[in-house]
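Next up, run.cif (mmCIF, C-alpha atoms and all ligand atoms):
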```cif
data_my_file
loop_
_atom_site.label_atom_id
_atom_site.label_comp_id
_atom_site.auth_asym_id
_atom_site.auth_seq_id
_atom_site.Cartn_x
_atom_site.Cartn_y
_atom_site.Cartn_z
CA MET A 18 -92.67 54.30 -35.95
CA ASN A 19 -91.18 56.32 -33.10
CA LEU A 20 -91.07 53.86 -30.21
CA PRO A 21 -89.24 54.44 -26.92
CA GLY A 22 -85.80 52.81 -26.73
CA GLN A 23 -86.26 51.93 -23.10
CA VAL A 24 -89.30 50.94 -21.07
CA LYS A 25 -89.76 50.63 -17.33
CA LEU A 26 -91.89 47.84 -15.97
CA VAL A 27 -93.50 48.12 -12.55
CA GLU A 28 -93.90 44.61 -11.22
CA VAL A 29 -97.28 44.31 -9.49
CA GLY A 30 -97.47 40.52 -9.06
CA ALA A 31 -96.84 40.59 -5.32
CA ARG A 32 -99.70 43.08 -4.84
CA ASP A 33 -102.24 43.09 -7.66
CA GLY A 34 -101.39 39.47 -8.39
CA LEU A 35 -101.55 37.96 -4.95
CA GLN A 36 -104.40 40.10 -3.57
CA ASN A 37 -106.85 38.06 -5.59
CA GLU A 38 -105.62 34.62 -4.53
CA LYS A 39 -107.89 32.72 -2.17
CA GLN A 40 -105.14 30.48 -0.87
CA PRO A 41 -103.17 32.23 1.88
CA VAL A 42 -99.62 32.95 0.80
CA PRO A 43 -97.11 33.07 3.67
CA ALA A 44 -95.12 36.29 3.99
CA SER A 45 -91.91 34.29 3.43
CA VAL A 46 -93.15 33.27 -0.05
CA LYS A 47 -94.11 36.86 -0.91
CA ILE A 48 -90.71 38.05 0.24
CA GLU A 49 -88.90 35.43 -1.80
CA LEU A 50 -91.00 36.37 -4.83
CA VAL A 51 -90.05 40.04 -4.49
CA GLN A 52 -86.39 39.13 -4.09
CA ARG A 53 -86.41 36.88 -7.13
CA LEU A 54 -88.01 39.70 -9.10
CA GLN A 55 -85.39 42.23 -8.06
CA ASP A 56 -82.67 39.70 -8.86
CA ALA A 57 -84.21 39.38 -12.33
CA GLY A 58 -83.66 43.10 -12.85
CA LEU A 59 -87.02 44.64 -11.96
CA THR A 60 -86.33 48.10 -10.56
CA HIS A 61 -89.83 49.04 -9.46
CA ILE A 62 -91.89 46.62 -7.40
CA GLU A 63 -95.34 46.99 -5.86
CA ALA A 64 -94.81 44.84 -2.80
CA ALA A 65 -97.99 45.17 -0.71
CA SER A 66 -101.04 47.26 0.04
CA PHE A 67 -102.06 48.90 3.29
CA VAL A 68 -105.80 48.38 2.99
CA SER A 69 -108.38 46.90 5.32
CA PRO A 70 -107.52 43.26 6.10
CA ARG A 71 -111.25 42.60 6.21
CA TRP A 72 -111.60 43.73 2.61
CA VAL A 73 -108.40 42.10 1.31
CA PRO A 74 -107.17 39.43 3.76
CA GLN A 75 -104.27 38.40 1.53
CA MET A 76 -102.56 41.77 2.15
CA ALA A 77 -102.90 41.63 5.96
CA ASP A 78 -99.20 40.78 6.38
CA ASN A 79 -98.13 43.95 4.53
CA ALA A 80 -95.81 45.18 7.30
CA GLN A 81 -94.17 41.78 7.65
CA VAL A 82 -93.53 41.64 3.91
CA MET A 83 -92.07 45.15 3.80
CA ALA A 84 -89.85 44.35 6.80
CA GLY A 85 -88.65 41.05 5.34
CA ILE A 86 -87.47 42.18 1.91
CA ARG A 87 -83.68 42.48 1.59
CA ARG A 88 -83.73 45.71 -0.34
CA LYS A 89 -81.61 46.11 -3.39
CA PRO A 90 -80.15 49.56 -4.09
CA GLY A 91 -81.77 51.21 -7.09
CA VAL A 92 -85.08 49.41 -6.67
CA ARG A 93 -88.20 51.43 -5.90
CA TYR A 94 -90.61 49.64 -3.54
CA SER A 95 -94.23 50.79 -3.66
CA VAL A 96 -97.32 50.11 -1.61
CA LEU A 97 -100.97 51.02 -2.01
CA THR A 98 -102.40 53.41 0.58
CA PRO A 99 -106.08 54.35 0.11
CA ASN A 100 -106.29 56.64 3.14
CA LEU A 101 -104.33 58.19 6.00
CA GLN A 102 -104.73 55.07 8.09
CA GLY A 103 -102.95 53.10 5.36
CA LEU A 104 -100.17 55.67 5.05
CA GLU A 105 -99.67 55.79 8.81
CA ALA A 106 -99.37 52.01 8.93
CA ALA A 107 -96.88 52.03 6.05
CA LEU A 108 -94.78 54.65 7.85
CA ALA A 109 -95.09 53.15 11.35
CA PRO A 110 -91.80 51.22 11.33
CA ALA A 111 -88.29 52.67 11.02
CA ARG A 112 -87.56 54.75 7.92
CA ALA A 113 -85.47 51.98 6.34
CA LEU A 114 -88.67 49.95 6.06
CA TRP A 115 -90.76 52.71 4.49
CA PRO A 116 -91.92 52.40 0.91
CA ASP A 117 -90.16 54.61 -1.65
CA GLU A 118 -93.48 55.32 -3.27
CA ILE A 119 -97.13 55.13 -2.33
CA VAL A 120 -100.01 54.59 -4.71
CA VAL A 121 -103.45 56.12 -4.30
CA PHE A 122 -106.05 54.33 -6.34
CA GLY A 123 -109.09 56.08 -7.73
CA SER A 124 -111.55 55.22 -10.44
CA ALA A 125 -113.15 56.76 -13.51
CA SER A 126 -116.34 54.92 -12.58
CA GLU A 127 -118.51 55.97 -9.64
CA ALA A 128 -119.89 52.48 -9.10
CA PHE A 129 -116.43 50.91 -9.02
CA SER A 130 -115.17 53.58 -6.64
CA GLN A 131 -117.97 52.67 -4.24
CA ARG A 132 -117.36 48.94 -4.51
CA ASN A 133 -113.59 49.11 -4.31
CA ILE A 134 -112.92 51.82 -1.74
CA ASN A 135 -116.37 52.49 -0.32
CA CYS A 136 -116.67 56.14 -1.36
CA SER A 137 -117.49 58.34 -4.34
CA ILE A 138 -114.83 59.66 -6.72
CA ALA A 139 -115.03 63.12 -5.12
CA GLU A 140 -114.72 61.63 -1.63
CA SER A 141 -111.76 59.54 -2.75
CA ILE A 142 -109.92 62.65 -3.89
CA ASP A 143 -110.66 64.27 -0.51
CA ARG A 144 -109.23 61.20 1.22
CA PHE A 145 -106.16 61.14 -1.03
CA ARG A 146 -105.33 64.83 -0.61
CA PRO A 147 -103.81 64.58 2.92
CA VAL A 148 -102.21 61.22 2.07
CA VAL A 149 -100.44 62.72 -0.94
CA ALA A 150 -99.38 65.83 1.01
CA ALA A 151 -98.02 63.79 3.93
CA ALA A 152 -96.12 61.39 1.66
CA LEU A 153 -94.56 64.19 -0.39
CA ALA A 154 -93.59 66.03 2.79
CA GLN A 155 -91.65 62.92 3.84
CA GLY A 156 -89.90 62.66 0.48
CA ILE A 157 -91.96 59.67 -0.64
CA ALA A 158 -93.00 59.56 -4.30
CA VAL A 159 -96.70 59.40 -5.15
CA ARG A 160 -98.34 57.61 -8.02
CA GLY A 161 -102.05 57.34 -8.73
CA THR A 162 -104.02 54.80 -10.68
CA ILE A 163 -107.32 55.35 -12.44
CA SER A 164 -109.31 52.13 -12.45
CA CYS A 165 -111.95 51.34 -15.04
CA ALA A 166 -110.39 53.82 -17.45
CA VAL A 167 -111.92 51.99 -20.41
CA GLY A 168 -114.75 49.93 -19.00
CA CYS A 169 -116.41 49.13 -15.69
CA PRO A 170 -117.99 45.88 -14.52
CA TYR A 171 -120.97 47.86 -13.20
CA GLU A 172 -121.29 50.86 -15.56
CA GLY A 173 -120.06 49.46 -18.87
CA GLU A 174 -118.08 51.63 -21.25
CA ILE A 175 -116.32 54.65 -19.72
CA ALA A 176 -115.88 57.85 -21.74
CA PRO A 177 -112.33 59.27 -21.99
CA GLU A 178 -113.59 62.57 -20.53
CA ARG A 179 -114.11 60.82 -17.21
CA VAL A 180 -110.50 59.67 -17.21
CA GLU A 181 -109.40 63.22 -17.96
CA GLU A 182 -111.48 64.52 -15.06
CA VAL A 183 -109.94 62.13 -12.52
CA ALA A 184 -106.45 62.72 -13.93
CA ARG A 185 -106.91 66.49 -13.47
CA LEU A 186 -108.13 65.97 -9.90
CA MET A 187 -105.14 63.76 -9.12
CA LYS A 188 -102.78 66.30 -10.64
CA GLU A 189 -104.38 69.07 -8.54
CA ILE A 190 -103.74 67.24 -5.27
CA GLY A 191 -100.10 66.59 -6.15
CA VAL A 192 -100.06 63.03 -7.49
CA GLN A 193 -96.84 62.89 -9.53
CA GLN A 194 -97.57 60.09 -11.99
CA VAL A 195 -100.76 58.44 -13.09
CA GLY A 196 -101.57 54.97 -14.35
CA VAL A 197 -104.41 54.32 -16.77
CA ALA A 198 -105.89 51.01 -15.67
CA ASP A 199 -108.03 48.67 -17.70
CA THR A 200 -109.20 46.86 -14.59
CA ILE A 201 -111.32 44.27 -16.37
CA GLY A 202 -109.29 43.97 -19.55
CA VAL A 203 -112.08 44.97 -21.93
CA GLY A 204 -110.04 47.60 -23.74
CA THR A 205 -108.87 47.37 -27.31
CA PRO A 206 -106.01 49.45 -28.76
CA PHE A 207 -107.89 52.54 -30.01
CA LYS A 208 -110.01 52.80 -26.86
CA VAL A 209 -106.91 52.46 -24.71
CA GLN A 210 -105.18 55.17 -26.73
CA ARG A 211 -108.17 57.48 -26.15
CA ALA A 212 -108.00 56.81 -22.40
CA LEU A 213 -104.24 57.48 -22.34
CA GLU A 214 -104.67 60.66 -24.38
CA ALA A 215 -107.27 61.79 -21.83
CA ALA A 216 -104.76 61.32 -18.99
CA LEU A 217 -102.12 63.08 -21.11
CA LYS A 218 -104.24 66.24 -20.99
CA ALA A 219 -103.30 66.49 -17.31
CA TYR A 220 -99.90 64.75 -17.22
CA ASP A 221 -96.68 64.73 -19.24
CA LEU A 222 -95.91 61.71 -21.35
CA GLY A 223 -93.19 60.48 -18.97
CA ASP A 224 -95.68 60.51 -16.10
CA VAL A 225 -98.42 58.35 -17.60
CA SER A 226 -98.29 54.57 -17.43
CA GLY A 227 -100.43 51.68 -18.62
CA HIS A 228 -101.95 48.97 -16.39
CA PHE A 229 -103.64 46.33 -18.47
CA HIS A 230 -105.45 43.26 -17.25
CA ASP A 231 -105.55 40.54 -19.87
CA THR A 232 -109.08 39.21 -19.45
CA TYR A 233 -109.90 39.43 -23.16
CA GLY A 234 -106.38 38.75 -24.40
CA GLN A 235 -105.89 42.37 -25.52
CA ALA A 236 -103.18 43.48 -23.12
CA LEU A 237 -100.18 43.00 -25.42
CA ALA A 238 -101.96 44.79 -28.25
CA ASN A 239 -102.86 47.55 -25.82
CA THR A 240 -99.25 47.75 -24.68
CA LEU A 241 -98.08 48.19 -28.26
CA ALA A 242 -100.78 50.82 -28.85
CA SER A 243 -99.50 52.67 -25.79
CA LEU A 244 -95.89 52.47 -26.97
CA GLN A 245 -97.03 54.05 -30.22
CA LEU A 246 -98.18 57.07 -28.20
CA GLY A 247 -94.77 57.18 -26.52
CA VAL A 248 -95.85 55.72 -23.17
CA ARG A 249 -92.83 54.09 -21.56
CA GLN A 250 -93.97 52.69 -18.21
CA PHE A 251 -96.26 49.71 -17.64
CA ASP A 252 -97.50 47.69 -14.70
CA THR A 253 -97.13 43.97 -15.31
CA SER A 254 -97.49 40.88 -13.19
CA VAL A 255 -95.14 37.92 -13.17
CA ALA A 256 -96.80 34.68 -14.32
CA GLY A 257 -99.90 36.77 -15.14
CA LEU A 258 -100.97 36.59 -11.50
CA GLY A 259 -103.95 38.47 -10.30
CA GLY A 260 -107.09 40.47 -10.69
CA CYS A 261 -109.09 42.74 -8.45
CA PRO A 262 -111.35 41.27 -5.77
CA TYR A 263 -113.92 43.98 -6.57
CA ALA A 264 -113.97 43.34 -10.32
CA LYS A 265 -115.50 39.88 -10.61
CA GLY A 266 -114.23 37.78 -13.48
CA ALA A 267 -111.26 40.05 -14.20
CA THR A 268 -108.12 38.00 -14.69
CA GLY A 269 -104.55 38.92 -14.00
CA ASN A 270 -102.46 41.72 -15.36
CA VAL A 271 -100.57 41.08 -18.51
CA ALA A 272 -97.70 38.72 -17.71
CA THR A 273 -94.35 40.43 -17.19
CA GLU A 274 -92.67 37.61 -19.14
CA ASP A 275 -94.87 38.27 -22.19
CA VAL A 276 -94.26 42.01 -22.12
CA VAL A 277 -90.49 41.51 -21.72
CA TYR A 278 -90.51 39.09 -24.67
CA LEU A 279 -92.45 41.64 -26.75
CA LEU A 280 -90.21 44.57 -25.83
CA HIS A 281 -86.90 42.78 -26.22
CA GLY A 282 -88.09 41.37 -29.53
CA MET A 283 -88.69 44.94 -30.68
CA GLY A 284 -85.24 46.05 -29.54
CA ILE A 285 -86.60 47.94 -26.52
CA ASP A 286 -84.47 47.69 -23.39
CA THR A 287 -85.98 46.80 -20.00
CA GLY A 288 -82.90 45.81 -17.98
CA ILE A 289 -84.67 42.54 -17.15
CA ASP A 290 -83.17 39.07 -17.47
CA LEU A 291 -85.99 37.03 -19.02
CA ASP A 292 -84.61 33.68 -17.85
CA LYS A 293 -84.44 34.80 -14.22
CA LEU A 294 -87.89 36.35 -14.55
CA ILE A 295 -89.26 33.04 -15.80
CA ASP A 296 -87.70 31.34 -12.77
CA ALA A 297 -89.47 33.84 -10.49
CA GLY A 298 -92.76 33.14 -12.26
CA LYS A 299 -92.20 29.39 -11.97
CA PHE A 300 -91.43 29.77 -8.26
CA ILE A 301 -94.81 31.38 -7.49
CA SER A 302 -96.70 29.18 -9.95
CA ASP A 303 -95.21 26.06 -8.33
CA PHE A 304 -96.39 27.41 -4.98
CA PHE A 305 -99.95 27.45 -6.33
CA GLY A 306 -99.44 24.14 -8.15
CA ARG A 307 -100.27 25.47 -11.61
CA PRO A 308 -98.41 26.56 -14.71
CA PRO A 309 -97.63 30.28 -15.22
CA HIS A 310 -100.31 32.28 -17.08
CA SER A 311 -97.75 33.45 -19.60
CA ARG A 312 -97.41 32.26 -23.14
CA ALA A 313 -93.76 33.27 -23.35
CA ALA A 314 -92.91 31.57 -20.05
CA THR A 315 -94.73 28.40 -21.10
CA ALA A 316 -92.96 28.30 -24.46
CA LEU A 317 -89.54 28.96 -22.97
CA LEU A 318 -90.03 26.48 -20.12
CA ASN A 319 -91.02 23.82 -22.69
CA LYS A 320 -87.90 24.63 -24.66
CA ARG A 321 -85.75 24.19 -21.55
CA ASN A 322 -87.20 20.70 -21.14
CA ASP A 323 -86.50 19.65 -24.75
P1 LIG A 401 -114.11 51.91 4.87
O1 LIG A 401 -114.90 50.80 5.50
O2 LIG A 401 -114.86 52.95 4.11
O3 LIG A 401 -113.14 52.60 5.92
O4 LIG A 401 -113.05 51.24 3.90
P2 LIG A 401 -113.39 53.22 7.32
O5 LIG A 401 -112.42 54.34 7.44
O6 LIG A 401 -114.86 53.47 7.56
O7 LIG A 401 -112.92 52.06 8.35
C1 LIG A 401 -113.65 50.85 8.50
C2 LIG A 401 -112.72 49.77 9.07
O8 LIG A 401 -111.62 49.54 8.18
C3 LIG A 401 -112.09 50.13 10.40
O9 LIG A 401 -111.89 48.92 11.10
C4 LIG A 401 -110.76 50.69 10.02
O10 LIG A 401 -109.81 50.54 11.05
C5 LIG A 401 -110.38 49.80 8.84
P3 LIG A 401 -112.90 48.38 12.21
O11 LIG A 401 -112.98 49.50 13.20
O12 LIG A 401 -114.21 48.17 11.50
O13 LIG A 401 -112.26 47.13 12.69
N1 LIG A 401 -109.48 50.47 7.91
C6 LIG A 401 -108.23 50.04 7.62
N2 LIG A 401 -107.54 48.98 8.06
C7 LIG A 401 -106.29 48.83 7.56
N3 LIG A 401 -105.74 49.68 6.65
C8 LIG A 401 -106.42 50.74 6.21
C9 LIG A 401 -107.72 50.95 6.70
N4 LIG A 401 -108.65 51.91 6.45
C10 LIG A 401 -109.71 51.60 7.21
N5 LIG A 401 -105.85 51.54 5.31
C11 LIG A 401 -111.06 51.12 2.60
C12 LIG A 401 -112.20 52.00 3.09
C13 LIG A 401 -110.40 51.83 1.43
C14 LIG A 401 -110.07 50.93 3.72
C15 LIG A 401 -111.62 49.77 2.18
O14 LIG A 401 -112.63 50.00 1.26
C16 LIG A 401 -110.58 48.86 1.57
O15 LIG A 401 -109.64 48.44 2.23
N6 LIG A 401 -110.77 48.48 0.30
C17 LIG A 401 -109.86 47.57 -0.37
C18 LIG A 401 -109.58 48.07 -1.71
C19 LIG A 401 -108.53 47.24 -2.40
O16 LIG A 401 -107.51 46.90 -1.81
N7 LIG A 401 -108.80 46.89 -3.67
C20 LIG A 401 -107.82 46.22 -4.46
C21 LIG A 401 -106.70 47.12 -4.82
S1 LIG A 401 -107.13 48.29 -6.10
C22 LIG A 401 -106.82 47.44 -7.54
O17 LIG A 401 -106.50 46.30 -7.52
C23 LIG A 401 -106.90 48.21 -8.81
C24 LIG A 401 -105.55 48.52 -9.42
O18 LIG A 401 -104.80 47.33 -9.63
C25 LIG A 401 -105.75 49.22 -10.77
C26 LIG A 401 -106.77 48.49 -11.64
O19 LIG A 401 -106.49 47.37 -12.10
O20 LIG A 401 -107.84 49.05 -11.83
C27 LIG A 401 -104.71 49.43 -8.53
MG MG A 402 -105.07 46.03 -11.31
#
```

Give the structure from this file in structure tokens form.
Amino acid sequence: MNLPGQVKLVEVGARDGLQNEKQPVPASVKIELVQRLQDAGLTHIEAASFVSPRWVPQMADNAQVMAGIRRKPGVRYSVLTPNLQGLEAALAPARALWPDEIVVFGSASEAFSQRNINCSIAESIDRFRPVVAAALAQGIAVRGTISCAVGCPYEGEIAPERVEEVARLMKEIGVQQVGVADTIGVGTPFKVQRALEAALKAYDLGDVSGHFHDTYGQALANTLASLQLGVRQFDTSVAGLGGCPYAKGATGNVATEDVVYLLHGMGIDTGIDLDKLIDAGKFISDFFGRPPHSRAATALLNKRND
């Protein structure tokens, strides 16, 4: 099997993870989480999203979070920006506080696009176009994600052709990398491979990533299936935090700890210190007063207590 020797994990716990939490999380806790994650060796961190605070109240302190992080050289900090208003807010402070990368988030499902960002797929691309152009003009990297790339809570199964279509549209407007997102975690390995292959018709292998929620416990299998295609970037969430507020019942992303355990066990390098990562996951789980949603973290924490 020809697996990549090195994999990059994009830590989305502070964004995808926390956005779904009902309990308000103070900016200071979010900042400490991000810092613990960078200390654990994560080099790409989604720290916040610049969306409507009415839609996602948990992300309302986005600017405070971005201003509070003591940035570590070599780490790429990303934020979600669904429209120009979001980009302008992200770029309002001094350049040192700007994100290194913005993420525009579209969908392969019309119904989900409407529920999540209040517009059709075609309208979303029209909204993203000036956002992407403005970000690139400022030297900011641009990634896109395609939600519901395998299944949708409103439309059911999604054909790979629809993923290909959105990937091509994103490519056309200048989005540099694209993530194939199984928003509600219904995907199984062959379906996920088909969705990734669809995105690969528009993007090079190094520019396609996987974003797997673990609702049905398939995310690790889907990660391995992606590795088999040569995909070498994944979004993961420490302590398995998260879900999407507009995808009812969807649980968190696959836990970063579990993916790191999987990759290191297969001899694939991530640059991440699993022990420090587990501490970061314990920090945020303790804040919520619950154990981490990670099998590897649970097992290793139990072992520490032996
Ligand atoms: P809209 O209502 O169509 O926007 O929302 P609008 O332009 O008509 O503006 C309406 C109001 O929103 C105005 O405020 C604007 O100022 C405000 P009002 O005058 O009523 O007080 N507004 C904003 N405020 C702050 N920042 C902004 C912004 N834009 C407008 N950027 C919008 C469109 C996209 C803003 C809205 O639908 C929204 O915020 N949706 C939230 C979507 C979201 O955050 N979802 C979760 C993240 S995506 C995800 O988790 C999936 C992913 O993980 C991959 C996967 O798993 O599938 C990435
Ligand atoms: Mg997600």

Mind dumping a table of every chain A residue within 10 Å of ligand MG 402 (chain A), with the nearest atom pair and its distance in Å to one decimal, using all atoms listed in the file, sorted by chain and rising number, as CSV?
```
residue,atom,partner,partner_atom,distance
A:Val29,CA,A:MG402,MG,8.2
A:Gly30,CA,A:MG402,MG,9.7
A:Arg32,CA,A:MG402,MG,8.9
A:Asp33,CA,A:MG402,MG,5.5
A:Gly34,CA,A:MG402,MG,8.1
A:Gln36,CA,A:MG402,MG,9.8
A:Asn37,CA,A:MG402,MG,10.0
A:Phe122,CA,A:MG402,MG,9.7
A:Thr162,CA,A:MG402,MG,8.9
A:Ile163,CA,A:MG402,MG,9.7
A:Ser164,CA,A:MG402,MG,7.5
A:Cys165,CA,A:MG402,MG,9.5
A:Val197,CA,A:MG402,MG,9.9
A:Ala198,CA,A:MG402,MG,6.7
A:Asp199,CA,A:MG402,MG,7.5
A:Thr200,CA,A:MG402,MG,5.3
A:Ile201,CA,A:MG402,MG,8.2
A:Gly202,CA,A:MG402,MG,9.5
A:His228,CA,A:MG402,MG,6.6
A:Phe229,CA,A:MG402,MG,7.3
A:His230,CA,A:MG402,MG,6.6
A:Asp252,CA,A:MG402,MG,8.5
A:Thr253,CA,A:MG402,MG,9.1
A:Ser254,CA,A:MG402,MG,9.4
A:Gly259,CA,A:MG402,MG,7.7
A:Gly260,CA,A:MG402,MG,5.9
A:Cys261,CA,A:MG402,MG,5.9
A:Pro262,CA,A:MG402,MG,9.6
A:Ala264,CA,A:MG402,MG,9.4
A:Ala267,CA,A:MG402,MG,9.1
A:Thr268,CA,A:MG402,MG,9.2
A:Gly269,CA,A:MG402,MG,7.6
A:Asn270,CA,A:MG402,MG,6.5
A:Val271,CA,A:MG402,MG,9.8
```

Put those residues in a file: C-alpha atoms, as a PDB file, in the coordinates of the input.
```pdb
ATOM      1  CA  VAL A  29     -97.280  44.310  -9.490  1.00  0.00           C
ATOM      2  CA  GLY A  30     -97.470  40.520  -9.060  1.00  0.00           C
ATOM      3  CA  ARG A  32     -99.700  43.080  -4.840  1.00  0.00           C
ATOM      4  CA  ASP A  33    -102.240  43.090  -7.660  1.00  0.00           C
ATOM      5  CA  GLY A  34    -101.390  39.470  -8.390  1.00  0.00           C
ATOM      6  CA  GLN A  36    -104.400  40.100  -3.570  1.00  0.00           C
ATOM      7  CA  ASN A  37    -106.850  38.060  -5.590  1.00  0.00           C
ATOM      8  CA  PHE A 122    -106.050  54.330  -6.340  1.00  0.00           C
ATOM      9  CA  THR A 162    -104.020  54.800 -10.680  1.00  0.00           C
ATOM     10  CA  ILE A 163    -107.320  55.350 -12.440  1.00  0.00           C
ATOM     11  CA  SER A 164    -109.310  52.130 -12.450  1.00  0.00           C
ATOM     12  CA  CYS A 165    -111.950  51.340 -15.040  1.00  0.00           C
ATOM     13  CA  VAL A 197    -104.410  54.320 -16.770  1.00  0.00           C
ATOM     14  CA  ALA A 198    -105.890  51.010 -15.670  1.00  0.00           C
ATOM     15  CA  ASP A 199    -108.030  48.670 -17.700  1.00  0.00           C
ATOM     16  CA  THR A 200    -109.200  46.860 -14.590  1.00  0.00           C
ATOM     17  CA  ILE A 201    -111.320  44.270 -16.370  1.00  0.00           C
ATOM     18  CA  GLY A 202    -109.290  43.970 -19.550  1.00  0.00           C
ATOM     19  CA  HIS A 228    -101.950  48.970 -16.390  1.00  0.00           C
ATOM     20  CA  PHE A 229    -103.640  46.330 -18.470  1.00  0.00           C
ATOM     21  CA  HIS A 230    -105.450  43.260 -17.250  1.00  0.00           C
ATOM     22  CA  ASP A 252     -97.500  47.690 -14.700  1.00  0.00           C
ATOM     23  CA  THR A 253     -97.130  43.970 -15.310  1.00  0.00           C
ATOM     24  CA  SER A 254     -97.490  40.880 -13.190  1.00  0.00           C
ATOM     25  CA  GLY A 259    -103.950  38.470 -10.300  1.00  0.00           C
ATOM     26  CA  GLY A 260    -107.090  40.470 -10.690  1.00  0.00           C
ATOM     27  CA  CYS A 261    -109.090  42.740  -8.450  1.00  0.00           C
ATOM     28  CA  PRO A 262    -111.350  41.270  -5.770  1.00  0.00           C
ATOM     29  CA  ALA A 264    -113.970  43.340 -10.320  1.00  0.00           C
ATOM     30  CA  ALA A 267    -111.260  40.050 -14.200  1.00  0.00           C
ATOM     31  CA  THR A 268    -108.120  38.000 -14.690  1.00  0.00           C
ATOM     32  CA  GLY A 269    -104.550  38.920 -14.000  1.00  0.00           C
ATOM     33  CA  ASN A 270    -102.460  41.720 -15.360  1.00  0.00           C
ATOM     34  CA  VAL A 271    -100.570  41.080 -18.510  1.00  0.00           C
TER      35      VAL A 271
END
```

From atom CA of Val159 of chain A to atom CA of Ala215 of chain A the spacing works out at 19.9 Å

Atom CA of Glu127 of chain A and atom CA of Ala64 of chain A are how many Å apart? 27.1 Å

All residues 7 Å or closer to Asn100 of chain A, only C-alpha atoms, same chain fewer than 3 positions away omitted, as a short mmCIF file (atom, residue, chain, number, x, y, z; two decimals) with C-alpha atoms, keeping the file's coordinate frame:
```
data_model
loop_
_atom_site.label_atom_id
_atom_site.label_comp_id
_atom_site.auth_asym_id
_atom_site.auth_seq_id
_atom_site.Cartn_x
_atom_site.Cartn_y
_atom_site.Cartn_z
CA GLY A 103 -102.95 53.10 5.36
CA LEU A 104 -100.17 55.67 5.05
CA ARG A 144 -109.23 61.20 1.22
CA PHE A 145 -106.16 61.14 -1.03
CA VAL A 148 -102.21 61.22 2.07
#
```

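Across the structure, atom N7 of ligand LIG 401 (chain A) and atom CA of Ala166 of chain A are spaced 15.5 Å apart.
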
Who sits within 12 Å of segment 303-314 of chain A, all atoms listed in the file, same chain under 6 positions skipped, as a PyMOL selection string: chain A and resi 30+34-35+38-43+45-47+49-50+231-232+234+236-237+253-259+268-279+282+291-297+320-321

How would segment 54-66 of chain A read, as an mmCIF file, keeping the file's coordinate frame, once N, CA and C atoms are built in?
```cif
data_model
loop_
_atom_site.group_PDB
_atom_site.id
_atom_site.type_symbol
_atom_site.label_atom_id
_atom_site.label_comp_id
_atom_site.auth_asym_id
_atom_site.auth_seq_id
_atom_site.Cartn_x
_atom_site.Cartn_y
_atom_site.Cartn_z
ATOM 1 N N LEU A 54 -87.689 38.702 -8.069
ATOM 2 C CA LEU A 54 -88.010 39.700 -9.100
ATOM 3 C C LEU A 54 -86.928 40.775 -9.175
ATOM 4 N N GLN A 55 -86.453 41.216 -8.027
ATOM 5 C CA GLN A 55 -85.390 42.230 -8.060
ATOM 6 C C GLN A 55 -84.101 41.626 -8.607
ATOM 7 N N ASP A 56 -83.858 40.360 -8.301
ATOM 8 C CA ASP A 56 -82.670 39.700 -8.860
ATOM 9 C C ASP A 56 -82.783 39.556 -10.381
ATOM 10 N N ALA A 57 -84.006 39.495 -10.876
ATOM 11 C CA ALA A 57 -84.210 39.380 -12.330
ATOM 12 C C ALA A 57 -84.068 40.737 -13.026
ATOM 13 N N GLY A 58 -83.913 41.798 -12.231
ATOM 14 C CA GLY A 58 -83.660 43.100 -12.850
ATOM 15 C C GLY A 58 -84.824 44.080 -12.781
ATOM 16 N N LEU A 59 -85.920 43.679 -12.134
ATOM 17 C CA LEU A 59 -87.020 44.640 -11.960
ATOM 18 C C LEU A 59 -86.559 45.749 -11.021
ATOM 19 N N THR A 60 -86.817 46.985 -11.380
ATOM 20 C CA THR A 60 -86.330 48.100 -10.560
ATOM 21 C C THR A 60 -87.473 48.861 -9.884
ATOM 22 N N HIS A 61 -88.683 48.373 -10.077
ATOM 23 C CA HIS A 61 -89.830 49.040 -9.460
ATOM 24 C C HIS A 61 -90.835 47.937 -9.130
ATOM 25 N N ILE A 62 -91.096 47.771 -7.838
ATOM 26 C CA ILE A 62 -91.890 46.620 -7.400
ATOM 27 C C ILE A 62 -92.986 47.071 -6.447
ATOM 28 N N GLU A 63 -94.229 46.762 -6.789
ATOM 29 C CA GLU A 63 -95.340 46.990 -5.860
ATOM 30 C C GLU A 63 -95.380 45.779 -4.945
ATOM 31 N N ALA A 64 -95.050 45.987 -3.675
ATOM 32 C CA ALA A 64 -94.810 44.840 -2.800
ATOM 33 C C ALA A 64 -96.000 44.480 -1.917
ATOM 34 N N ALA A 65 -96.892 45.439 -1.650
ATOM 35 C CA ALA A 65 -97.990 45.170 -0.710
ATOM 36 C C ALA A 65 -99.019 46.288 -0.812
ATOM 37 N N SER A 66 -100.122 46.120 -0.077
ATOM 38 C CA SER A 66 -101.040 47.260 0.040
ATOM 39 C C SER A 66 -101.509 47.363 1.481
#
```
